[in-house]
Amino acid sequence: MASEHVGGEVGEPGQATAGQATPGQKTTARRLQPGQPAAIWGVVAVAWAVFLLPLFFGAVGFALGGYAWWRGERRGRWLMVAAVVAALVGLGISELPDWFVSN
């Protein structure tokens with residue numbers, strides 16, 4: 001009887017399958033590209049801009065998006081747009097009447 005293998009690929013002995021390194025191969029962790037840390041922190045600032053200090057965190061998100069774009073991260077432009085939208089939404093939420101937003 002031949003044994004059946006369920007799930008995953010089976011290679012020949014000594015041959016690596018997908019996602020595995022061969023014994024002599026070095027594995028390295030991927031590093032963030034230039035501009036990506038600024039973009040990540042910009043997303044955090046934009047998320048805060050909707051709920052807390054929209055002008056401050058919106059400006060921080062916009063600046064971080066501009067810096068990320070300047071460093072070559074193409075998503076920095078979208079982050080700048082999102083920062084403006086989040087600041088406007090945050091200002092709109094702050095202008096809602098108290099009876100609408102409180103218990």
# chains A, B, ... in the order shown; residues from 1 in each chain; ligands from 1
$ residues_around --residues "Met80 (chain A)" --least-positions-apart "6" --cutoff "9 Å" --atoms "only C-alpha atoms" --output "list in words"
Gly42, Gly58, Gly61, Phe62, Ala63, Leu64, Gly65 and Gly66 of chain A
$ atom_distance --atom1 "CA of Leu88 (chain A)" --atom2 "CA of Leu52 (chain A)"
12.1 Å
$ residues_around --residues "Val43 (chain A)" --least-positions-apart "4" --cutoff "8 Å" --atoms "only C-alpha atoms" --output "list in words"
Ala39, Ala47, Gly61 and Leu79 of chain A
$ residues_around --residues "region 91-98 of chain A" --least-positions-apart "2" --cutoff "10 Å" --atoms "only C-alpha atoms" --output "number ranges by chain"
A: 49-55, 85-89, 100-103
$ atom_distance --atom1 "CA of Pro34 (chain A)" --atom2 "CA of Arg71 (chain A)"
5.8 Å
$ closest_residue --among "A:Phe56, A:Trp99, A:Gly35, A:Ala45" --to "Ala82 (chain A)" --atoms "only C-alpha atoms"
A:Ala45
$ atom_distance --atom1 "CA of Trp78 (chain A)" --atom2 "CA of Phe57 (chain A)"
15.8 Å
$ closest_residue --among "A:Gly90, A:Arg77, A:Ala83, A:Trp69" --to "Pro37 (chain A)" --atoms "only C-alpha atoms"
A:Trp69
